[in-house]
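Pasted below: upload_19.tsv, TSV, C-alpha atoms and all ligand atoms.
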chain	number	residue	atom	x	y	z
A	1	MET	CA	-80.97	112.00	5.16
A	2	ILE	CA	-80.91	115.76	5.47
A	3	TYR	CA	-84.13	116.96	7.08
A	4	GLY	CA	-85.78	120.37	6.76
A	5	LYS	CA	-89.14	121.61	8.05
A	6	ARG	CA	-91.25	120.28	5.18
A	7	ILE	CA	-88.75	118.40	3.04
A	8	ARG	CA	-85.90	115.95	3.22
A	9	LEU	CA	-82.98	115.27	0.90
A	10	ARG	CA	-81.97	111.67	0.32
A	11	ALA	CA	-79.64	109.83	-2.05
A	12	ASP	CA	-80.89	109.18	-5.59
A	13	GLU	CA	-81.71	105.52	-6.23
A	14	ARG	CA	-81.68	103.62	-9.53
A	15	ALA	CA	-85.45	103.19	-9.08
A	16	ASP	CA	-85.87	107.00	-9.26
A	17	LEU	CA	-84.51	107.21	-12.83
A	18	PRO	CA	-87.90	107.00	-14.63
A	19	LEU	CA	-88.95	110.09	-12.66
A	20	PHE	CA	-85.88	111.98	-13.87
A	21	VAL	CA	-86.56	110.97	-17.50
A	22	ARG	CA	-90.09	112.32	-17.17
A	23	TRP	CA	-88.98	115.56	-15.49
A	24	LEU	CA	-86.07	116.26	-17.82
A	25	ASN	CA	-88.12	115.69	-20.98
A	26	ASP	CA	-90.79	118.20	-19.94
A	27	PRO	CA	-90.42	121.32	-22.14
A	28	GLU	CA	-91.55	123.68	-19.38
A	29	ILE	CA	-88.98	122.33	-16.94
A	30	ARG	CA	-86.25	122.39	-19.60
A	31	GLN	CA	-86.81	126.14	-20.11
A	32	GLY	CA	-84.69	126.71	-17.02
A	33	LEU	CA	-82.06	124.04	-17.71
A	34	ALA	CA	-79.06	123.79	-20.03
A	35	LEU	CA	-80.57	120.76	-21.81
A	36	PHE	CA	-81.45	120.80	-25.48
A	37	LEU	CA	-81.81	117.16	-26.61
A	38	PRO	CA	-84.39	114.59	-25.49
A	39	PHE	CA	-83.27	112.12	-22.80
A	40	SER	CA	-83.81	108.35	-22.97
A	41	GLN	CA	-84.04	105.96	-20.01
A	42	ALA	CA	-80.83	104.27	-21.25
A	43	GLU	CA	-78.95	107.61	-21.28
A	44	GLU	CA	-80.20	108.33	-17.78
A	45	GLU	CA	-79.02	104.88	-16.63
A	46	GLY	CA	-75.59	105.63	-18.14
A	47	TRP	CA	-75.52	108.97	-16.31
A	48	TYR	CA	-76.40	107.20	-13.04
A	49	GLU	CA	-73.59	104.65	-13.37
A	50	ARG	CA	-71.04	107.41	-14.15
A	51	MET	CA	-72.38	109.51	-11.27
A	52	LEU	CA	-71.74	106.65	-8.80
A	53	GLN	CA	-68.03	106.85	-9.70
A	54	THR	CA	-67.79	110.55	-8.74
A	55	PRO	CA	-66.97	111.81	-5.18
A	56	ARG	CA	-69.90	111.18	-2.83
A	57	GLU	CA	-70.14	114.84	-1.78
A	58	GLN	CA	-71.20	115.58	-5.37
A	59	HIS	CA	-73.87	112.94	-5.67
A	60	PRO	CA	-77.28	114.50	-6.35
A	61	LEU	CA	-79.96	114.42	-3.67
A	62	LEU	CA	-83.62	113.67	-4.17
A	63	ILE	CA	-86.00	116.30	-2.76
A	64	GLU	CA	-88.97	114.75	-0.99
A	65	VAL	CA	-91.96	116.58	0.47
A	66	ARG	CA	-93.83	115.24	3.48
A	67	ARG	CA	-97.55	114.56	2.86
A	68	ASP	CA	-99.09	113.12	6.05
A	69	ASP	CA	-96.85	110.10	6.75
A	70	GLN	CA	-95.59	109.74	3.16
A	71	TRP	CA	-92.58	111.26	1.41
A	72	ILE	CA	-93.30	112.40	-2.17
A	73	PRO	CA	-90.32	112.78	-4.56
A	74	VAL	CA	-90.57	116.19	-6.23
A	75	GLY	CA	-87.11	117.07	-7.52
A	76	ASN	CA	-83.36	116.72	-7.52
A	77	CYS	CA	-80.56	118.98	-6.33
A	78	GLY	CA	-76.91	118.99	-5.32
A	79	PHE	CA	-73.40	120.33	-5.55
A	80	HIS	CA	-71.07	119.82	-8.48
A	81	ASP	CA	-67.53	120.80	-9.42
A	82	ILE	CA	-66.49	121.13	-5.77
A	83	ASP	CA	-63.14	122.93	-5.63
A	84	TRP	CA	-61.72	121.76	-2.30
A	85	ARG	CA	-58.67	124.06	-2.29
A	86	ASN	CA	-60.80	127.19	-2.71
A	87	ARG	CA	-63.72	125.62	-0.81
A	88	CYS	CA	-66.16	126.61	-3.52
A	89	ALA	CA	-68.92	124.69	-5.31
A	90	GLU	CA	-71.70	125.19	-7.81
A	91	VAL	CA	-75.21	124.22	-6.79
A	92	GLY	CA	-78.16	123.13	-8.95
A	93	ILE	CA	-81.83	122.33	-8.48
A	94	VAL	CA	-84.83	120.99	-10.40
A	95	ILE	CA	-88.30	120.62	-8.96
A	96	GLY	CA	-89.74	118.25	-11.53
A	97	GLU	CA	-93.26	118.00	-10.10
A	98	LYS	CA	-94.71	121.27	-11.35
A	99	ALA	CA	-97.66	121.10	-8.93
A	100	TYR	CA	-95.06	121.82	-6.21
A	101	TRP	CA	-93.72	125.03	-7.79
A	102	ASN	CA	-94.29	128.39	-6.05
A	103	GLN	CA	-94.81	126.90	-2.60
A	104	GLY	CA	-91.41	127.70	-1.18
A	105	TYR	CA	-89.91	124.23	-1.65
A	106	GLY	CA	-87.15	125.51	-3.95
A	107	THR	CA	-86.19	128.15	-1.39
A	108	GLU	CA	-86.26	125.62	1.47
A	109	THR	CA	-84.12	123.19	-0.56
A	110	MET	CA	-81.50	125.87	-1.23
A	111	GLN	CA	-81.48	126.83	2.46
A	112	LEU	CA	-80.86	123.18	3.38
A	113	LEU	CA	-78.12	122.84	0.77
A	114	LEU	CA	-76.41	126.00	2.05
A	115	ARG	CA	-76.45	124.64	5.60
A	116	HIS	CA	-75.08	121.31	4.37
A	117	GLY	CA	-72.46	123.06	2.22
A	118	PHE	CA	-71.19	125.40	4.93
A	119	LEU	CA	-71.57	123.31	8.10
A	120	THR	CA	-70.92	119.78	6.80
A	121	LEU	CA	-68.79	120.11	3.67
A	122	ASN	CA	-67.00	123.17	5.06
A	123	LEU	CA	-67.39	125.23	1.88
A	124	ASN	CA	-66.75	128.97	1.83
A	125	ARG	CA	-68.58	129.97	-1.36
A	126	VAL	CA	-71.61	128.47	-3.07
A	127	PHE	CA	-72.59	129.80	-6.48
A	128	LEU	CA	-75.07	129.09	-9.24
A	129	ARG	CA	-75.88	130.06	-12.79
A	130	VAL	CA	-79.42	130.96	-13.85
A	131	PHE	CA	-80.92	132.15	-17.14
A	132	GLU	CA	-82.10	135.77	-17.11
A	133	THR	CA	-85.46	134.44	-18.39
A	134	ASN	CA	-86.16	132.41	-15.21
A	135	PRO	CA	-87.70	134.90	-12.73
A	136	ARG	CA	-89.12	132.15	-10.48
A	137	ALA	CA	-85.68	130.65	-9.95
A	138	ILE	CA	-84.02	134.06	-9.48
A	139	ARG	CA	-86.60	135.10	-6.87
A	140	SER	CA	-86.27	131.80	-5.06
A	141	TYR	CA	-82.46	132.13	-4.91
A	142	GLU	CA	-82.73	135.71	-3.65
A	143	LYS	CA	-85.04	134.51	-0.88
A	144	ALA	CA	-82.50	131.84	0.08
A	145	GLY	CA	-79.82	134.54	0.43
A	146	PHE	CA	-77.99	134.43	-2.91
A	147	ILE	CA	-76.44	137.72	-4.03
A	148	HIS	CA	-76.26	138.80	-7.67
A	149	GLU	CA	-72.61	138.92	-8.64
A	150	GLY	CA	-72.45	139.04	-12.41
A	151	ARG	CA	-73.86	138.45	-15.85
A	152	LEU	CA	-72.42	136.30	-18.62
A	153	ARG	CA	-73.68	138.13	-21.68
A	154	GLN	CA	-75.31	136.08	-24.48
A	155	ALA	CA	-73.87	132.90	-22.96
A	156	GLU	CA	-76.78	130.59	-23.86
A	157	PHE	CA	-78.28	130.06	-27.32
A	158	ARG	CA	-81.85	128.90	-27.14
A	159	ASP	CA	-84.91	129.08	-29.38
A	160	GLY	CA	-82.92	131.04	-31.94
A	161	GLN	CA	-81.67	133.74	-29.62
A	162	TYR	CA	-78.96	134.41	-27.07
A	163	LEU	CA	-79.72	134.72	-23.36
A	164	ASP	CA	-77.62	136.15	-20.56
A	165	ILE	CA	-76.69	133.86	-17.67
A	166	LEU	CA	-76.75	135.44	-14.21
A	167	LEU	CA	-74.20	134.44	-11.58
A	168	MET	CA	-75.35	134.41	-7.96
A	169	SER	CA	-73.48	133.34	-4.84
A	170	VAL	CA	-73.49	133.14	-1.04
A	171	LEU	CA	-70.38	133.41	1.10
A	172	ARG	CA	-70.21	131.53	4.36
A	173	SER	CA	-69.77	134.81	6.32
A	174	GLU	CA	-72.96	136.22	4.74
A	175	TRP	CA	-74.85	133.01	5.51
A	176	GLU	CA	-73.66	133.05	9.13
A	177	ASP	CA	-74.71	136.71	9.55
A	178	ALA	CA	-78.15	135.99	8.05
A	179	SER	CA	-78.56	132.87	10.24
A	180	GLN	CA	-77.85	134.94	13.37
A	181	ASP	CA	-80.48	137.52	12.33
A	182	ALA	CA	-83.12	134.82	11.64
B	201	LIG	C1	-86.68	127.26	-10.03
B	201	LIG	C2	-87.29	126.38	-8.94
B	201	LIG	C3	-86.21	125.53	-8.28
B	201	LIG	C4	-87.91	127.31	-7.86
B	201	LIG	O1	-88.53	126.52	-6.88
B	201	LIG	P1	-89.99	126.91	-6.34
B	201	LIG	O2	-90.28	126.02	-5.21
B	201	LIG	O3	-90.93	126.91	-7.50
B	201	LIG	O4	-89.73	128.41	-5.86
B	201	LIG	P2	-90.22	129.14	-4.51
B	201	LIG	O5	-91.67	128.85	-4.30
B	201	LIG	O6	-89.30	128.80	-3.42
B	201	LIG	O7	-90.01	130.68	-4.89
B	201	LIG	C5	-90.53	131.18	-6.10
B	201	LIG	C6	-90.70	132.68	-6.02
B	201	LIG	O8	-90.74	133.21	-7.33
B	201	LIG	C7	-91.93	133.94	-7.49
B	201	LIG	N1	-92.31	133.85	-8.90
B	201	LIG	C8	-92.89	132.81	-9.55
B	201	LIG	N2	-93.06	133.12	-10.84
B	201	LIG	C9	-92.57	134.37	-11.01
B	201	LIG	C10	-92.47	135.25	-12.11
B	201	LIG	N3	-92.92	134.89	-13.33
B	201	LIG	N4	-91.91	136.46	-11.92
B	201	LIG	C11	-91.46	136.84	-10.70
B	201	LIG	N5	-91.53	136.04	-9.60
B	201	LIG	C12	-92.09	134.84	-9.76
B	201	LIG	C13	-92.91	133.30	-6.53
B	201	LIG	O9	-94.00	134.14	-6.26
B	201	LIG	C14	-91.98	133.09	-5.33
B	201	LIG	O10	-91.70	134.30	-4.67
B	201	LIG	P3	-92.51	134.80	-3.35
B	201	LIG	O11	-92.38	133.71	-2.33
B	201	LIG	O12	-91.80	136.06	-2.96
B	201	LIG	O13	-93.92	135.01	-3.76
B	201	LIG	C15	-88.40	125.44	-9.53
B	201	LIG	O14	-89.49	126.24	-9.97
B	201	LIG	C16	-87.89	124.59	-10.67
B	201	LIG	O15	-87.24	123.59	-10.44
B	201	LIG	N6	-88.16	124.98	-11.94
B	201	LIG	C17	-87.77	124.17	-13.11
B	201	LIG	C18	-86.27	123.94	-13.30
B	201	LIG	C19	-85.45	125.20	-13.11
B	201	LIG	O16	-85.73	126.25	-13.67
B	201	LIG	N7	-84.40	125.06	-12.28
B	201	LIG	C20	-83.49	126.16	-11.97
B	201	LIG	C21	-82.33	126.20	-12.89
B	201	LIG	S1	-81.22	127.53	-12.53
Step by step, read the file and then write its structure as structure tokens.
Amino acid sequence: MIYGKRIRLRADERADLPLFVRWLNDPEIRQGLALFLPFSQAEEEGWYERMLQTPREQHPLLIEVRRDDQWIPVGNCGFHDIDWRNRCAEVGIVIGEKAYWNQGYGTETMQLLLRHGFLTLNLNRVFLRVFETNPRAIRSYEKAGFIHEGRLRQAEFRDGQYLDILLMSVLRSEWEDASQDA
């Protein structure tokens, strides 16, 4: 388990898959994600079995929020495409329980993932891609310390039009400087 102030990150379990099917079929949640076809439970089970065969550092982590003495699953996050030679990885996040949006949980999750990435996995650069049309996500990443580094023009086709994808990243040196200031 990776513990934060209000949340913890734990390994995804097979029993969590129905949650993911619900979250990933929600049109409002999909607005921010590179998904364009409906997901079935069977497809999600196939994804889970394939995921178990990948390196453990890349396994997704379930985001749980503490409510009294209970832990409520609200989303999923994690690193993918870890490049060990360049010590760089992409990070992704979904908070699937919309009632938990805009309460700082996305920011706290990214802060925990950055700590895990830099101090446990020994990464040097963590980056992400976000649609230009997702101001909540962009703001949350800025709050977690991500710097805007570029724009992939018209890189996503969605609802009949092209969107730009923004690239954002944090270097370990920047994260260390910010951690000292905090
Ligand atoms: C994107 C996501 C991870 C952000 O998590 P979150 O917990 O909702 O975000 P936070 O509460 O940490 O921060 C959101 C910030 O955006 C702001 N915000 C929300 N809607 C906004 C809007 N329309 N325009 C500008 N800012 C907005 C909030 O006010 C808050 O900033 P503040 O603290 O300065 O007031 C979450 O909403 C989510 O999973 N969405 C669906 C899937 C998705 O889009 N994933 C990201 C793919 S790149």
Minimum-distance residue to ligand LIG 201 (chain B), chosen among A:Trp101, A:Phe39, A:Phe157, A:Phe118 (using only C-alpha atoms and all ligand atoms)
A:Trp101
With distances taken over only C-alpha atoms and all ligand atoms, which residue among A:Pro73, A:Gly160, A:Gly150, A:Gly106 lies nearest ligand LIG 201 (chain B)?
A:Gly106
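When atom N1 of ligand LIG 201 (chain B) is paired with CA of Ala137 (chain A), their separation reads 7.4 Å.
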Per residue of chain A within 7 Å of ligand LIG 201 (chain B), record the nearest atom pair and its distance in Å to one decimal, counting only C-alpha atoms and all ligand atoms, with rows in chain order and ascending residue number, as a tab-separated table.
residue	atom	partner	partner_atom	distance
A:Ile29	CA	B:LIG201	C17	4.4
A:Arg30	CA	B:LIG201	C18	6.5
A:Gln31	CA	B:LIG201	O16	6.5
A:Gly32	CA	B:LIG201	O16	3.5
A:Leu33	CA	B:LIG201	C21	5.3
A:Gly92	CA	B:LIG201	S1	6.4
A:Ile93	CA	B:LIG201	N7	5.3
A:Val94	CA	B:LIG201	O15	3.5
A:Ile95	CA	B:LIG201	O15	3.5
A:Gly96	CA	B:LIG201	O15	6.0
A:Tyr100	CA	B:LIG201	O2	6.4
A:Trp101	CA	B:LIG201	O3	3.4
A:Asn102	CA	B:LIG201	O5	3.2
A:Gln103	CA	B:LIG201	O5	4.1
A:Gly104	CA	B:LIG201	O6	3.3
A:Tyr105	CA	B:LIG201	O2	4.0
A:Gly106	CA	B:LIG201	O1	3.4
A:Thr107	CA	B:LIG201	O6	3.8
A:Glu108	CA	B:LIG201	O6	6.6
A:Arg129	CA	B:LIG201	S1	5.9
A:Val130	CA	B:LIG201	S1	4.1
A:Phe131	CA	B:LIG201	S1	6.5
A:Asn134	CA	B:LIG201	O16	6.4
A:Pro135	CA	B:LIG201	N4	4.6
A:Arg136	CA	B:LIG201	O8	3.7
A:Ala137	CA	B:LIG201	C1	3.5
A:Arg139	CA	B:LIG201	O8	4.6
A:Ser140	CA	B:LIG201	O7	3.9
How would the residues just picked look written out with C-alpha atoms as an mmCIF file, in the frame of the given file?
data_model
loop_
_atom_site.group_PDB
_atom_site.id
_atom_site.type_symbol
_atom_site.label_atom_id
_atom_site.label_comp_id
_atom_site.auth_asym_id
_atom_site.auth_seq_id
_atom_site.Cartn_x
_atom_site.Cartn_y
_atom_site.Cartn_z
ATOM 1 C CA ILE A 29 -88.980 122.330 -16.940
ATOM 2 C CA ARG A 30 -86.250 122.390 -19.600
ATOM 3 C CA GLN A 31 -86.810 126.140 -20.110
ATOM 4 C CA GLY A 32 -84.690 126.710 -17.020
ATOM 5 C CA LEU A 33 -82.060 124.040 -17.710
ATOM 6 C CA GLY A 92 -78.160 123.130 -8.950
ATOM 7 C CA ILE A 93 -81.830 122.330 -8.480
ATOM 8 C CA VAL A 94 -84.830 120.990 -10.400
ATOM 9 C CA ILE A 95 -88.300 120.620 -8.960
ATOM 10 C CA GLY A 96 -89.740 118.250 -11.530
ATOM 11 C CA TYR A 100 -95.060 121.820 -6.210
ATOM 12 C CA TRP A 101 -93.720 125.030 -7.790
ATOM 13 C CA ASN A 102 -94.290 128.390 -6.050
ATOM 14 C CA GLN A 103 -94.810 126.900 -2.600
ATOM 15 C CA GLY A 104 -91.410 127.700 -1.180
ATOM 16 C CA TYR A 105 -89.910 124.230 -1.650
ATOM 17 C CA GLY A 106 -87.150 125.510 -3.950
ATOM 18 C CA THR A 107 -86.190 128.150 -1.390
ATOM 19 C CA GLU A 108 -86.260 125.620 1.470
ATOM 20 C CA ARG A 129 -75.880 130.060 -12.790
ATOM 21 C CA VAL A 130 -79.420 130.960 -13.850
ATOM 22 C CA PHE A 131 -80.920 132.150 -17.140
ATOM 23 C CA ASN A 134 -86.160 132.410 -15.210
ATOM 24 C CA PRO A 135 -87.700 134.900 -12.730
ATOM 25 C CA ARG A 136 -89.120 132.150 -10.480
ATOM 26 C CA ALA A 137 -85.680 130.650 -9.950
ATOM 27 C CA ARG A 139 -86.600 135.100 -6.870
ATOM 28 C CA SER A 140 -86.270 131.800 -5.060
#
Would you please work out which residue, of A:Asn122, A:Tyr162, A:Glu132, A:Ser40, is nearest to His148 (chain A) when using all atoms listed in the file?
A:Glu132
Kindly indicate which residue among A:Leu163, A:Ile82, A:Asn76, A:Ala182 lies nearest to Thr54 (chain A), using only C-alpha atoms for the distances.
A:Ile82
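Computed from the coordinates, the CA of Cys88 (chain A) to CA of Arg125 (chain A) distance equals 4.7 Å.
Here CA of Ile147 (chain A) is placed at a distance of 8.5 Å from CA of Leu167 (chain A).
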Choose the residue, out of A:Glu174, A:Asp81, A:Asp69, A:Glu97, that has the smallest atom-to-atom separation from Phe20 (chain A); count only C-alpha atoms.
A:Glu97
Taking the point (-80.2, 112.9, -3.7) as given in the file, collect each protein or nucleic acid residue that comes within 10 Å of it, counting all atoms listed in the file, and present the set as a PyMOL selection string.
chain A and resi 1-2+8-13+16+58-64+75-78
Taking all atoms of region 74-85 of chain A that the file lists and extending 5 Å past them on each side, where is the centre of the axis-aligned box and how long are its edges? Answer in Å to one decimal, as JSON.
{"center_x": -74.6, "center_y": 120.1, "center_z": -5.9, "size_x": 41.9, "size_y": 17.9, "size_z": 17.1}
Could you name the residues that touch Arg115 (chain A) at 12 Å or less, counting all atoms listed in the file, but leaving out those on the same chain fewer than 6 positions away, as a short mmCIF file (atom, residue, chain, number, x, y, z; two decimals) with C-alpha atoms, in the frame of the given file?
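Wrote it out as selection.cif, contents follow:
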data_model
loop_
_atom_site.label_atom_id
_atom_site.label_comp_id
_atom_site.auth_asym_id
_atom_site.auth_seq_id
_atom_site.Cartn_x
_atom_site.Cartn_y
_atom_site.Cartn_z
CA ILE A 2 -80.91 115.76 5.47
CA TYR A 3 -84.13 116.96 7.08
CA GLY A 4 -85.78 120.37 6.76
CA GLU A 108 -86.26 125.62 1.47
CA THR A 109 -84.12 123.19 -0.56
CA LEU A 121 -68.79 120.11 3.67
CA ASN A 122 -67.00 123.17 5.06
CA LEU A 123 -67.39 125.23 1.88
CA ASN A 124 -66.75 128.97 1.83
CA ARG A 125 -68.58 129.97 -1.36
CA VAL A 126 -71.61 128.47 -3.07
CA ALA A 144 -82.50 131.84 0.08
CA GLY A 145 -79.82 134.54 0.43
CA VAL A 170 -73.49 133.14 -1.04
CA LEU A 171 -70.38 133.41 1.10
CA ARG A 172 -70.21 131.53 4.36
CA TRP A 175 -74.85 133.01 5.51
CA GLU A 176 -73.66 133.05 9.13
CA ALA A 178 -78.15 135.99 8.05
CA SER A 179 -78.56 132.87 10.24
#
Under the rule that only C-alpha atoms are counted, which of A:Arg50, A:Arg56, A:Leu128, A:Ala34 is the nearest residue to Phe146 (chain A)?
A:Leu128
Please write as a ChimeraX atom specification the list of polymer residues whose atoms come within 12 Å of (-76.8, 104.6, -16.3), counting all atoms listed in the file and keeping to the coordinates of the file.
/A:13-18,20-21,39-53
